[in-house]
Amino acid sequence: SQEAIDEMDKGEIENALLKFTQASALDSGNINYKYEIAHCYFLTRNYKKSISQLQQLINHPKVSDRVYNLLGNSYEFNKNESKAVEVYN
């Protein structure tokens, strides 16, 4: 949702997370909202939640490289370098 993106642009990550979560509830098939939720978790250093959210997306038919990139980064920042390398490969 544009409102959520605007919140992110202002650095209001918690507000953006709330708006993306609401948007995802209304359009549960939209992988972009779920990715952005994970991205918000990553930006707030909640890497475990970011990983959990992204793991739900890796088998989605419309998964993109950015999902794997953020998942790898989340593992790396969560001090799990071996899992990060596995995801990057």
# chains A, B, ... in the order shown; residues from 1 in each chain; ligands from 1
call {"tool": "residues_around", "arguments": {"residues": "Tyr68 in chain A", "least_positions_apart": "2", "cutoff": "12 Å", "atoms": "only C-alpha atoms", "output": "number ranges by chain"}}
result
A: 35, 38-39, 50-51, 53-60, 63-66, 70-75, 83-89
call {"tool": "residues_around", "arguments": {"residues": "Leu17 in chain A", "least_positions_apart": "4", "cutoff": "7 Å", "atoms": "only C-alpha atoms", "output": "list in words"}}
result
Ile13, Thr21, Ile37 and Cys40 of chain A
call {"tool": "select_by_dssp", "arguments": {"residues": "chain A", "states": "helix (DSSP H, G or I)", "output": "count of residues only"}}
result
65
call {"tool": "atom_distance", "arguments": {"atom1": "CA of Ala16 in chain A", "atom2": "CA of Glu81 in chain A"}}
result
28.5 Å
call {"tool": "atom_distance", "arguments": {"atom1": "CA of Leu43 in chain A", "atom2": "CA of Val67 in chain A"}}
result
14.5 Å
call {"tool": "residues_around", "arguments": {"residues": "Ala4 in chain A", "least_positions_apart": "3", "cutoff": "10 Å", "atoms": "only C-alpha atoms", "output": "compact mmCIF listing (two decimals) with C-alpha atoms, in the first residue's frame"}}
result
# COMPACT_ATOMS: atom_id res chain seq x y z
CA SER A 1 0.00 0.00 0.00
CA GLU A 7 5.72 5.54 6.26
CA MET A 8 8.89 3.63 5.36
CA ASP A 9 10.20 6.62 3.42
CA LYS A 10 9.73 8.74 6.56
CA GLU A 12 8.38 5.15 10.50
CA ILE A 13 9.05 1.41 10.23
CA GLU A 14 6.62 0.31 12.95
CA ASN A 15 3.78 2.24 11.28
CA ALA A 16 4.75 0.76 7.91
CA LEU A 17 4.75 -2.73 9.43
CA LEU A 18 1.24 -2.20 10.74
CA LYS A 19 -0.01 -0.95 7.36
CA PHE A 20 1.67 -3.77 5.41
CA THR A 21 0.21 -6.29 7.86
CA GLN A 22 -3.27 -4.84 7.35
CA ALA A 23 -2.82 -4.84 3.57
CA TYR A 33 3.13 -7.26 1.20
CA GLU A 36 7.70 -5.85 2.90
